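Engineer: Take this structure first; my questions come after.
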Number of protein chains: 2
Amino acid sequence: MARDDTPNAATVGATERSFRILERLGEREGCGVSELAESLSISKSTVHNHLQTLRELGYVVQEGDEYRLGLQFLGLGDRARQHHDLYHVAKPETDSLVEAVGERAQVMVEEDGVGIYVYQSLADQAVRTDSHIGTVVDLHATSVGKAYLAHLSDDRLDAVLDQVAFDEQTPDTLTDAEALRTELDEIAERGYAFNDEERTVGMRAVGAPILSADDGRVLGAISVSGPTTRMNGTWYHEEVPEMVAQSAQIIGIRATYS
Amino acid sequence: MARDDTPNAATVGATERSFRILERLGEREGCGVSELAESLSISKSTVHNHLQTLRELGYVVQEGDEYRLGLQFLGLGDRARQHHDLYHVAKPETDSLVEAVGERAQVMVEEDGVGIYVYQSLADQAVRTDSHIGTVVDLHATSVGKAYLAHLSDDRLDAVLDQVAFDEQTPDTLTDAEALRTELDEIAERGYAFNDEERTVGMRAVGAPILSADDGRVLGAISVSGPTTRMNGTWYHEEVPEMVAQSAQIIGIRATYS
DNA sequence: GCGTTCGTTCGGCTCAGCAGAACGATTGTC
DNA sequence: GACAATCGTTCTGCTGAGCCGAACGAACGC
């Protein structure tokens, strides 16, 4: 079920190239043909052809000698998000949570074995990181992901864990499937998950699952994250978890009855 | 400068096909291979190849026999939007505006001769239409577009107007370039623009330009729209314009000094 | 159990897409 | 001010990638 099932099936190479170009354009904040061609090991003329095509389609814009991602992607992204009605009910509650806690909050849903942030809300003092709406996150190395996994049915969980690479991201990342399973049991009982610098050094997070109010199915998860300098003591271990779990419950109820 | 400059230049056909498929997937809320193939006049096997490619890239997800747009597009859209810092400063003010007015508000920026909504906020009573984040709108047939055009430099305005098709969308759509120019002069003087069922029958809107506080350059526009049943009288002609213009000014100031 | 329609796989043909070289335009440097 | 370097763009030829149509197996539904 997860990404990269069939490594090299019969696919359309030109489409792959186009998206490699687009993703690179997203990483750099707009760049020129030569830079793209070299970093992707594609000939300049090919890159140029793709960019012209994408420009005519409106998915890339040209500013002098630079190319940028076009805003048309907002449309495709929004369309994709509208299938997950969780977004609409989670948005106002997430904003309220951020207002109460400060820091940063994000709402995650699962898609094809990975977690994707569908909404993020930042307080003024929130730490700027590279995570944003649409960011793909590992389910086993984030508080949202673990909170989600903890309430997944056994067979779905097995399918996801088989795919997880368990690549070590920081010295404290969980690298053992069994250790993760026992932690997931604790999380399921406790009702929320912690992430103590497992993904990013200096950052802690608290995540809670968003559960359907009628059948208990897990719809997604929500988390609050901030620097270790502020996220500590009972604030980190008790008060924030309390608020996150409460918001998650409200979202779950509103998602069920709406 | 505007869309569809060079109709059939040297382009990558496979990429065009992929995006035609993706856009169609966005219109229907997920559909099967055969339906896509028939409506796009592409053979089933080709559609299938593209979908498999896009699935491996994470931009399409497969649910049984149906395909949907993937949430990965949120990432590309967000990256594109981050180049327009207007979004971040406009978001909270737009939410406040919606809270005060009710109805619906949207923030538009121009890209390549067309307007694109980068943010939209809905009150509970707001009318559901097909417009959403990422929607492409004509600059001459919307209140946001006209408010924007009214403050564009003469040469940029000429470039845009040459491209406008002036296709009649409703019986009241402006179809004459000169009539539009005189209306733009009025709008520039007045400070806000109306849209009285020009694009959608039964809907009215009030838009105001977002201007840079130092050099007066137009950064985008913001509008409030609602049904004619509620948008009328002095509420429509005076009070709403007042609030929209004030929000636009606040956004312009915050966009300039931040 | 048959007919229909789905998604997927297979194979062959042709043209679309690739790389590399050549071309102007622009920039910066001595 | 001329040269060198680098940019984006254009051009050309070759070949394999991508297209179509047909065949396949599975899943409904009358």
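Residue numbering restarts at 1 for every chain of the structure tokens, chains are lettered A, B, ... in their displayed order, and ligands are numbered from 1 as they appear.
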Specify as a ChimeraX atom specification all residues of chain B found within 9 Å of chain D, counting only C-alpha atoms (C1' of nucleotides).
Structural biologist: /B:14,42-46
Engineer: Listing only residues of chain B within 8 Å of chain C, what is the closest atom pair and its distance in Å (to one decimal) for each, using only C-alpha atoms (C1' of nucleotides), sorted by chain and residue number ascending, as a Markdown table?
Structural biologist:
```
| residue | atom | partner | partner_atom | distance |
| --- | --- | --- | --- | --- |
| B:Val12 | CA | C:DG17 | C1' | 7.1 |
| B:Gly13 | CA | C:DA16 | C1' | 7.6 |
| B:Val33 | CA | C:DG7 | C1' | 7.2 |
| B:Ser34 | CA | C:DC6 | C1' | 7.9 |
| B:Asp65 | CA | C:DG7 | C1' | 7.0 |
```
Engineer: Output N, CA and C atoms for every residue in the selection just made, as a compact mmCIF listing (two decimals), in the first residue's frame.
Structural biologist:
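Wrote again_27.txt, looks like this:
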```txt
# COMPACT_ATOMS: atom_id res chain seq x y z
N VAL B 12 6.35 19.07 -24.64
CA VAL B 12 6.40 17.67 -24.27
C VAL B 12 4.97 17.14 -24.17
N GLY B 13 4.56 16.36 -25.12
CA GLY B 13 3.18 15.89 -25.18
C GLY B 13 2.79 15.03 -24.00
N VAL B 33 -10.29 4.45 -14.91
CA VAL B 33 -9.47 4.57 -16.10
C VAL B 33 -10.34 4.79 -17.34
N SER B 34 -11.36 3.99 -17.48
CA SER B 34 -12.18 4.07 -18.70
C SER B 34 -12.86 5.42 -18.84
N ASP B 65 -10.75 0.60 -7.63
CA ASP B 65 -10.72 0.87 -9.06
C ASP B 65 -10.77 2.35 -9.38
```
Engineer: With the cut-off set at 8 Å and counting only C-alpha atoms, tabulate each residue of chain B with an atom at most that distance from an atom of chain A, showing the nearest atom pair and its distance in Å to one decimal, ordered by chain and increasing number, as JSON lines.
Structural biologist:
```
{"residue": "B:Arg3", "atom": "CA", "partner": "A:Glu56", "partner_atom": "CA", "distance": 6.5}
{"residue": "B:Asp4", "atom": "CA", "partner": "A:Glu56", "partner_atom": "CA", "distance": 5.8}
{"residue": "B:Asp5", "atom": "CA", "partner": "A:Glu56", "partner_atom": "CA", "distance": 7.5}
{"residue": "B:Thr6", "atom": "CA", "partner": "A:Glu56", "partner_atom": "CA", "distance": 7.7}
{"residue": "B:Pro7", "atom": "CA", "partner": "A:Glu56", "partner_atom": "CA", "distance": 8.0}
{"residue": "B:Ala10", "atom": "CA", "partner": "A:Asn49", "partner_atom": "CA", "distance": 6.7}
{"residue": "B:Thr11", "atom": "CA", "partner": "A:Thr53", "partner_atom": "CA", "distance": 5.0}
{"residue": "B:Val12", "atom": "CA", "partner": "A:Thr53", "partner_atom": "CA", "distance": 6.0}
{"residue": "B:Ala14", "atom": "CA", "partner": "A:Ala14", "partner_atom": "CA", "distance": 6.1}
{"residue": "B:Thr15", "atom": "CA", "partner": "A:Thr15", "partner_atom": "CA", "distance": 5.1}
{"residue": "B:Glu16", "atom": "CA", "partner": "A:Thr53", "partner_atom": "CA", "distance": 7.1}
{"residue": "B:Ser18", "atom": "CA", "partner": "A:Thr15", "partner_atom": "CA", "distance": 6.7}
{"residue": "B:Leu22", "atom": "CA", "partner": "A:Leu76", "partner_atom": "CA", "distance": 8.0}
{"residue": "B:Glu23", "atom": "CA", "partner": "A:Leu76", "partner_atom": "CA", "distance": 7.3}
{"residue": "B:Gly26", "atom": "CA", "partner": "A:Arg79", "partner_atom": "CA", "distance": 5.8}
{"residue": "B:Glu29", "atom": "CA", "partner": "A:His83", "partner_atom": "CA", "distance": 7.5}
{"residue": "B:Asn49", "atom": "CA", "partner": "A:Thr11", "partner_atom": "CA", "distance": 5.6}
{"residue": "B:His50", "atom": "CA", "partner": "A:Val12", "partner_atom": "CA", "distance": 6.1}
{"residue": "B:Gln52", "atom": "CA", "partner": "A:Thr11", "partner_atom": "CA", "distance": 6.6}
{"residue": "B:Thr53", "atom": "CA", "partner": "A:Thr11", "partner_atom": "CA", "distance": 5.0}
{"residue": "B:Leu54", "atom": "CA", "partner": "A:Thr15", "partner_atom": "CA", "distance": 7.9}
{"residue": "B:Glu56", "atom": "CA", "partner": "A:Asp4", "partner_atom": "CA", "distance": 5.9}
{"residue": "B:Leu57", "atom": "CA", "partner": "A:Glu16", "partner_atom": "CA", "distance": 7.5}
{"residue": "B:Gly58", "atom": "CA", "partner": "A:Arg3", "partner_atom": "CA", "distance": 7.0}
{"residue": "B:Val61", "atom": "CA", "partner": "A:Asp112", "partner_atom": "CA", "distance": 7.0}
{"residue": "B:Arg68", "atom": "CA", "partner": "A:Ala80", "partner_atom": "CA", "distance": 7.3}
{"residue": "B:Leu69", "atom": "CA", "partner": "A:Ala80", "partner_atom": "CA", "distance": 5.0}
{"residue": "B:Gly70", "atom": "CA", "partner": "A:Ala80", "partner_atom": "CA", "distance": 5.8}
{"residue": "B:Leu71", "atom": "CA", "partner": "A:Ala80", "partner_atom": "CA", "distance": 5.5}
{"residue": "B:Gln72", "atom": "CA", "partner": "A:Gly134", "partner_atom": "CA", "distance": 5.7}
{"residue": "B:Phe73", "atom": "CA", "partner": "A:Gly77", "partner_atom": "CA", "distance": 4.4}
{"residue": "B:Leu74", "atom": "CA", "partner": "A:Gly77", "partner_atom": "CA", "distance": 4.2}
{"residue": "B:Gly75", "atom": "CA", "partner": "A:Gly134", "partner_atom": "CA", "distance": 3.8}
{"residue": "B:Leu76", "atom": "CA", "partner": "A:Phe73", "partner_atom": "CA", "distance": 6.1}
{"residue": "B:Gly77", "atom": "CA", "partner": "A:Leu74", "partner_atom": "CA", "distance": 4.2}
{"residue": "B:Asp78", "atom": "CA", "partner": "A:Ile133", "partner_atom": "CA", "distance": 6.3}
{"residue": "B:Arg79", "atom": "CA", "partner": "A:Gly26", "partner_atom": "CA", "distance": 5.8}
{"residue": "B:Ala80", "atom": "CA", "partner": "A:Leu69", "partner_atom": "CA", "distance": 5.0}
{"residue": "B:Arg81", "atom": "CA", "partner": "A:Leu71", "partner_atom": "CA", "distance": 6.3}
{"residue": "B:His83", "atom": "CA", "partner": "A:Glu29", "partner_atom": "CA", "distance": 7.5}
{"residue": "B:Glu111", "atom": "CA", "partner": "A:Leu71", "partner_atom": "CA", "distance": 7.5}
{"residue": "B:Asp112", "atom": "CA", "partner": "A:Val61", "partner_atom": "CA", "distance": 7.0}
{"residue": "B:Ile116", "atom": "CA", "partner": "A:Leu71", "partner_atom": "CA", "distance": 7.0}
{"residue": "B:Val118", "atom": "CA", "partner": "A:Leu74", "partner_atom": "CA", "distance": 7.4}
{"residue": "B:His132", "atom": "CA", "partner": "A:Gly75", "partner_atom": "CA", "distance": 7.5}
{"residue": "B:Ile133", "atom": "CA", "partner": "A:Gly75", "partner_atom": "CA", "distance": 5.9}
{"residue": "B:Gly134", "atom": "CA", "partner": "A:Gly75", "partner_atom": "CA", "distance": 3.8}
{"residue": "B:Thr135", "atom": "CA", "partner": "A:Gly75", "partner_atom": "CA", "distance": 5.8}
{"residue": "B:Val136", "atom": "CA", "partner": "A:Gln72", "partner_atom": "CA", "distance": 7.6}
```
Engineer: Take the selection from the previous step and output its residues with N, CA and C atoms, as a tab-separated table (two decimals), in the first residue's frame.
Structural biologist:
```
chain	number	residue	atom	x	y	z
B	3	ARG	N	-1.42	33.90	-20.44
B	3	ARG	CA	-1.56	32.51	-20.78
B	3	ARG	C	-1.73	32.30	-22.29
B	4	ASP	N	-1.27	31.16	-22.77
B	4	ASP	CA	-1.49	30.76	-24.16
B	4	ASP	C	-0.85	31.71	-25.17
B	5	ASP	N	0.36	32.13	-24.86
B	5	ASP	CA	1.09	32.96	-25.79
B	5	ASP	C	1.36	32.21	-27.09
B	6	THR	N	2.11	31.15	-26.96
B	6	THR	CA	2.54	30.37	-28.11
B	6	THR	C	1.75	29.06	-28.13
B	7	PRO	N	0.75	29.00	-28.95
B	7	PRO	CA	-0.22	27.91	-28.89
B	7	PRO	C	0.42	26.53	-29.01
B	10	ALA	N	7.29	23.92	-29.36
B	10	ALA	CA	7.88	22.61	-29.11
B	10	ALA	C	7.66	22.23	-27.66
B	11	THR	N	6.79	21.27	-27.45
B	11	THR	CA	6.43	20.93	-26.09
B	11	THR	C	6.47	19.43	-25.89
B	12	VAL	N	6.35	19.07	-24.64
B	12	VAL	CA	6.40	17.67	-24.27
B	12	VAL	C	4.97	17.14	-24.17
B	14	ALA	N	3.72	14.19	-23.54
B	14	ALA	CA	3.38	13.29	-22.43
B	14	ALA	C	3.06	14.09	-21.17
B	15	THR	N	3.80	15.18	-20.95
B	15	THR	CA	3.53	16.01	-19.78
B	15	THR	C	2.15	16.66	-19.90
B	16	GLU	N	1.84	17.14	-21.10
B	16	GLU	CA	0.52	17.72	-21.30
B	16	GLU	C	-0.57	16.70	-20.99
B	18	SER	N	-0.40	14.11	-19.04
B	18	SER	CA	-0.46	13.87	-17.60
B	18	SER	C	-1.29	14.94	-16.90
B	22	LEU	N	-4.71	14.83	-14.76
B	22	LEU	CA	-4.79	15.32	-13.39
B	22	LEU	C	-5.92	16.33	-13.22
B	23	GLU	N	-6.06	17.22	-14.19
B	23	GLU	CA	-7.11	18.22	-14.09
B	23	GLU	C	-8.49	17.57	-14.16
B	26	GLY	N	-9.34	16.14	-10.97
B	26	GLY	CA	-9.76	17.14	-10.00
B	26	GLY	C	-11.22	17.52	-10.19
B	29	GLU	N	-14.65	13.86	-8.80
B	29	GLU	CA	-13.99	13.60	-7.52
B	29	GLU	C	-13.46	12.18	-7.53
B	49	ASN	N	-0.97	3.98	-18.06
B	49	ASN	CA	0.46	4.22	-17.87
B	49	ASN	C	0.70	5.52	-17.11
B	50	HIS	N	0.01	6.57	-17.50
B	50	HIS	CA	0.20	7.85	-16.83
B	50	HIS	C	-0.20	7.75	-15.36
B	52	GLN	N	-0.24	5.17	-13.41
B	52	GLN	CA	0.74	4.39	-12.65
B	52	GLN	C	1.97	5.24	-12.35
B	53	THR	N	2.41	5.99	-13.35
B	53	THR	CA	3.56	6.87	-13.14
B	53	THR	C	3.27	7.89	-12.04
B	54	LEU	N	2.12	8.51	-12.12
B	54	LEU	CA	1.76	9.53	-11.15
B	54	LEU	C	1.54	8.93	-9.77
B	56	GLU	N	3.18	6.31	-8.56
B	56	GLU	CA	4.50	6.06	-7.98
B	56	GLU	C	5.15	7.35	-7.48
B	57	LEU	N	4.86	8.44	-8.15
B	57	LEU	CA	5.40	9.73	-7.73
B	57	LEU	C	4.65	10.29	-6.53
B	58	GLY	N	3.49	9.71	-6.21
B	58	GLY	CA	2.72	10.16	-5.05
B	58	GLY	C	1.73	11.27	-5.36
B	61	VAL	N	-3.46	8.83	-6.02
B	61	VAL	CA	-3.64	7.66	-5.17
B	61	VAL	C	-4.73	6.80	-5.75
B	68	ARG	N	-7.59	9.12	-7.46
B	68	ARG	CA	-7.84	10.47	-6.94
B	68	ARG	C	-6.56	11.28	-7.01
B	69	LEU	N	-6.70	12.60	-6.92
B	69	LEU	CA	-5.53	13.45	-6.80
B	69	LEU	C	-4.86	13.19	-5.45
B	70	GLY	N	-3.55	13.19	-5.44
B	70	GLY	CA	-2.81	12.98	-4.20
B	70	GLY	C	-2.56	14.28	-3.46
B	71	LEU	N	-2.38	14.15	-2.16
B	71	LEU	CA	-2.17	15.34	-1.32
B	71	LEU	C	-0.80	15.98	-1.53
B	72	GLN	N	0.07	15.31	-2.25
B	72	GLN	CA	1.39	15.88	-2.51
B	72	GLN	C	1.29	17.23	-3.21
B	73	PHE	N	0.20	17.44	-3.93
B	73	PHE	CA	0.05	18.72	-4.62
B	73	PHE	C	-0.03	19.88	-3.64
B	74	LEU	N	-0.46	19.58	-2.41
B	74	LEU	CA	-0.48	20.62	-1.40
B	74	LEU	C	0.93	21.20	-1.21
B	75	GLY	N	1.92	20.32	-1.29
B	75	GLY	CA	3.30	20.78	-1.11
B	75	GLY	C	3.72	21.72	-2.21
B	76	LEU	N	3.48	21.33	-3.46
B	76	LEU	CA	3.86	22.20	-4.58
B	76	LEU	C	3.09	23.52	-4.51
B	77	GLY	N	1.80	23.44	-4.19
B	77	GLY	CA	1.00	24.65	-4.10
B	77	GLY	C	1.50	25.58	-3.01
B	78	ASP	N	1.82	25.01	-1.88
B	78	ASP	CA	2.30	25.84	-0.77
B	78	ASP	C	3.65	26.47	-1.10
B	79	ARG	N	4.50	25.71	-1.75
B	79	ARG	CA	5.79	26.26	-2.17
B	79	ARG	C	5.60	27.44	-3.12
B	80	ALA	N	4.70	27.27	-4.08
B	80	ALA	CA	4.43	28.35	-5.03
B	80	ALA	C	3.89	29.58	-4.30
B	81	ARG	N	3.05	29.33	-3.31
B	81	ARG	CA	2.41	30.44	-2.60
B	81	ARG	C	3.39	31.20	-1.72
B	83	HIS	N	6.21	32.19	-2.36
B	83	HIS	CA	6.90	33.28	-3.06
B	83	HIS	C	6.09	34.56	-2.98
B	111	GLU	N	-1.01	36.30	-11.78
B	111	GLU	CA	0.11	35.51	-12.26
B	111	GLU	C	-0.08	35.28	-13.74
B	112	ASP	N	0.82	35.83	-14.51
B	112	ASP	CA	0.82	35.57	-15.95
B	112	ASP	C	-0.48	35.99	-16.62
B	116	ILE	N	-5.48	34.58	-9.53
B	116	ILE	CA	-5.59	33.30	-8.83
B	116	ILE	C	-5.85	33.56	-7.35
B	118	VAL	N	-5.41	33.00	-3.70
B	118	VAL	CA	-4.41	32.34	-2.85
B	118	VAL	C	-4.96	32.05	-1.47
B	132	HIS	N	-12.56	28.31	-5.22
B	132	HIS	CA	-11.81	27.84	-4.06
B	132	HIS	C	-10.37	28.31	-4.20
B	133	ILE	N	-9.54	27.94	-3.25
B	133	ILE	CA	-8.13	28.30	-3.34
B	133	ILE	C	-7.54	27.72	-4.62
B	134	GLY	N	-6.83	28.54	-5.36
B	134	GLY	CA	-6.22	28.08	-6.60
B	134	GLY	C	-7.09	28.30	-7.83
B	135	THR	N	-8.32	28.77	-7.62
B	135	THR	CA	-9.20	29.04	-8.75
B	135	THR	C	-8.63	30.15	-9.61
B	136	VAL	N	-8.65	29.94	-10.92
B	136	VAL	CA	-8.19	30.94	-11.87
B	136	VAL	C	-9.38	31.80	-12.27
```
Engineer: What parts of region 168-257 of chain A does DSSP call helix (DSSP H, G or I)? I'd like the answer as an MDAnalysis selection string.
Structural biologist: chainID A and resid 177:190 233:256
Engineer: Atoms to include: N, CA, C and O atoms. Write the selected residues as a short mmCIF file (atom, residue, chain, number, x, y, z; two decimals), in the first residue's frame.
Structural biologist:
```cif
data_model
loop_
_atom_site.label_atom_id
_atom_site.label_comp_id
_atom_site.auth_asym_id
_atom_site.auth_seq_id
_atom_site.Cartn_x
_atom_site.Cartn_y
_atom_site.Cartn_z
N ALA A 177 11.30 -2.21 15.20
CA ALA A 177 9.86 -2.33 15.01
C ALA A 177 9.17 -2.76 16.29
O ALA A 177 8.09 -2.27 16.62
N GLU A 178 9.80 -3.65 17.05
CA GLU A 178 9.17 -4.12 18.28
C GLU A 178 9.09 -3.01 19.32
O GLU A 178 8.07 -2.85 20.00
N ALA A 179 10.16 -2.24 19.42
CA ALA A 179 10.14 -1.12 20.36
C ALA A 179 9.02 -0.15 19.99
O ALA A 179 8.33 0.39 20.86
N LEU A 180 8.84 0.03 18.69
CA LEU A 180 7.78 0.93 18.24
C LEU A 180 6.41 0.38 18.62
O LEU A 180 5.55 1.10 19.12
N ARG A 181 6.23 -0.94 18.43
CA ARG A 181 4.93 -1.54 18.75
C ARG A 181 4.58 -1.38 20.23
O ARG A 181 3.44 -1.09 20.59
N THR A 182 5.55 -1.59 21.09
CA THR A 182 5.25 -1.44 22.51
C THR A 182 4.95 0.02 22.84
O THR A 182 4.07 0.31 23.63
N GLU A 183 5.68 0.93 22.16
CA GLU A 183 5.38 2.34 22.41
C GLU A 183 3.97 2.68 21.91
O GLU A 183 3.25 3.45 22.54
N LEU A 184 3.59 2.11 20.79
CA LEU A 184 2.26 2.38 20.25
C LEU A 184 1.16 1.91 21.21
O LEU A 184 0.13 2.56 21.36
N ASP A 185 1.42 0.78 21.88
CA ASP A 185 0.45 0.30 22.86
C ASP A 185 0.29 1.31 23.99
O ASP A 185 -0.83 1.60 24.42
N GLU A 186 1.41 1.82 24.46
CA GLU A 186 1.35 2.83 25.53
C GLU A 186 0.58 4.06 25.06
O GLU A 186 -0.23 4.63 25.79
N ILE A 187 0.88 4.46 23.82
CA ILE A 187 0.23 5.66 23.28
C ILE A 187 -1.28 5.46 23.19
O ILE A 187 -2.07 6.34 23.55
N ALA A 188 -1.68 4.27 22.72
CA ALA A 188 -3.11 3.99 22.58
C ALA A 188 -3.80 4.09 23.93
O ALA A 188 -4.91 4.61 24.03
N GLU A 189 -3.11 3.60 24.96
CA GLU A 189 -3.71 3.63 26.30
C GLU A 189 -3.74 5.06 26.86
O GLU A 189 -4.73 5.50 27.44
N ARG A 190 -2.62 5.77 26.64
CA ARG A 190 -2.48 7.12 27.19
C ARG A 190 -3.37 8.11 26.46
O ARG A 190 -3.90 9.04 27.06
N GLY A 233 8.92 20.28 31.33
CA GLY A 233 8.20 20.26 32.60
C GLY A 233 6.77 19.77 32.43
O GLY A 233 6.45 19.01 31.52
N THR A 234 5.92 20.20 33.34
CA THR A 234 4.53 19.75 33.27
C THR A 234 3.80 20.36 32.08
O THR A 234 2.81 19.82 31.62
N TRP A 235 4.30 21.49 31.61
CA TRP A 235 3.71 22.10 30.42
C TRP A 235 3.77 21.12 29.26
O TRP A 235 2.79 20.90 28.56
N TYR A 236 4.94 20.53 29.09
CA TYR A 236 5.13 19.58 27.99
C TYR A 236 4.49 18.23 28.29
O TYR A 236 3.90 17.61 27.41
N HIS A 237 4.58 17.79 29.52
CA HIS A 237 4.13 16.44 29.84
C HIS A 237 2.66 16.33 30.21
O HIS A 237 2.09 15.25 30.15
N GLU A 238 2.05 17.43 30.60
CA GLU A 238 0.67 17.31 31.05
C GLU A 238 -0.28 18.32 30.41
O GLU A 238 -1.31 17.94 29.85
N GLU A 239 0.10 19.60 30.50
CA GLU A 239 -0.87 20.61 30.07
C GLU A 239 -1.07 20.63 28.56
O GLU A 239 -2.21 20.65 28.07
N VAL A 240 0.04 20.63 27.81
CA VAL A 240 -0.10 20.62 26.35
C VAL A 240 -0.81 19.34 25.88
O VAL A 240 -1.74 19.42 25.07
N PRO A 241 -0.40 18.18 26.36
CA PRO A 241 -1.12 16.96 25.95
C PRO A 241 -2.61 17.04 26.21
O PRO A 241 -3.42 16.61 25.37
N GLU A 242 -2.96 17.61 27.35
CA GLU A 242 -4.37 17.76 27.69
C GLU A 242 -5.10 18.57 26.62
O GLU A 242 -6.16 18.18 26.12
N MET A 243 -4.49 19.70 26.23
CA MET A 243 -5.14 20.58 25.26
C MET A 243 -5.19 19.94 23.86
O MET A 243 -6.19 20.05 23.16
N VAL A 244 -4.09 19.30 23.49
CA VAL A 244 -4.05 18.67 22.17
C VAL A 244 -5.10 17.57 22.08
O VAL A 244 -5.85 17.47 21.09
N ALA A 245 -5.17 16.74 23.13
CA ALA A 245 -6.13 15.64 23.12
C ALA A 245 -7.56 16.17 23.08
O ALA A 245 -8.42 15.61 22.39
N GLN A 246 -7.79 17.26 23.77
CA GLN A 246 -9.14 17.82 23.78
C GLN A 246 -9.51 18.36 22.39
O GLN A 246 -10.62 18.13 21.89
N SER A 247 -8.58 19.05 21.77
CA SER A 247 -8.83 19.55 20.41
C SER A 247 -9.08 18.39 19.45
O SER A 247 -9.98 18.45 18.60
N ALA A 248 -8.27 17.34 19.60
CA ALA A 248 -8.44 16.17 18.72
C ALA A 248 -9.83 15.58 18.89
O ALA A 248 -10.48 15.19 17.92
N GLN A 249 -10.30 15.55 20.14
CA GLN A 249 -11.62 14.98 20.39
C GLN A 249 -12.72 15.84 19.78
O GLN A 249 -13.66 15.33 19.16
N ILE A 250 -12.56 17.15 19.92
CA ILE A 250 -13.56 18.06 19.34
C ILE A 250 -13.61 17.89 17.82
O ILE A 250 -14.68 17.81 17.22
N ILE A 251 -12.42 17.80 17.21
CA ILE A 251 -12.38 17.64 15.75
C ILE A 251 -13.02 16.32 15.35
O ILE A 251 -13.79 16.26 14.39
N GLY A 252 -12.73 15.28 16.11
CA GLY A 252 -13.32 13.98 15.80
C GLY A 252 -14.83 14.02 15.86
O GLY A 252 -15.52 13.46 14.99
N ILE A 253 -15.36 14.69 16.86
CA ILE A 253 -16.81 14.78 16.99
C ILE A 253 -17.42 15.58 15.85
O ILE A 253 -18.38 15.17 15.21
N ARG A 254 -16.78 16.72 15.56
CA ARG A 254 -17.31 17.55 14.48
C ARG A 254 -17.19 16.86 13.13
O ARG A 254 -18.01 17.07 12.24
N ALA A 255 -16.13 16.06 12.96
CA ALA A 255 -15.95 15.35 11.69
C ALA A 255 -17.00 14.26 11.52
O ALA A 255 -17.41 13.95 10.40
N THR A 256 -17.43 13.72 12.64
CA THR A 256 -18.40 12.63 12.57
C THR A 256 -19.80 13.14 12.32
O THR A 256 -20.53 12.60 11.49
#
```
Engineer: May I ask for the distance between CA of Leu211 (chain A) and CA of Asp138 (chain A), given in Å to one decimal place?
Structural biologist: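 The value is 19.8 Å.
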Engineer: For the structure I just gave you, how does DSSP split region 19-114 of chain A - specifically, which residues are strand (DSSP E)? Reply as an MDAnalysis selection string.
Structural biologist: chainID A and resid 60:63 66:69 104:111 114
Engineer: Smallest atom-to-atom distance to Arg230 (chain B): which of B:Asp124, B:Arg204, B:Ala147, B:Ala37, using only C-alpha atoms?
Structural biologist: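 Using only C-alpha atoms, Arg230 (chain B) sits closest to B:Arg204.
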Engineer: Which distance in Å separates CA of Gly102 (chain A) and CA of His140 (chain A), to one decimal?
Structural biologist: 25.2 Å
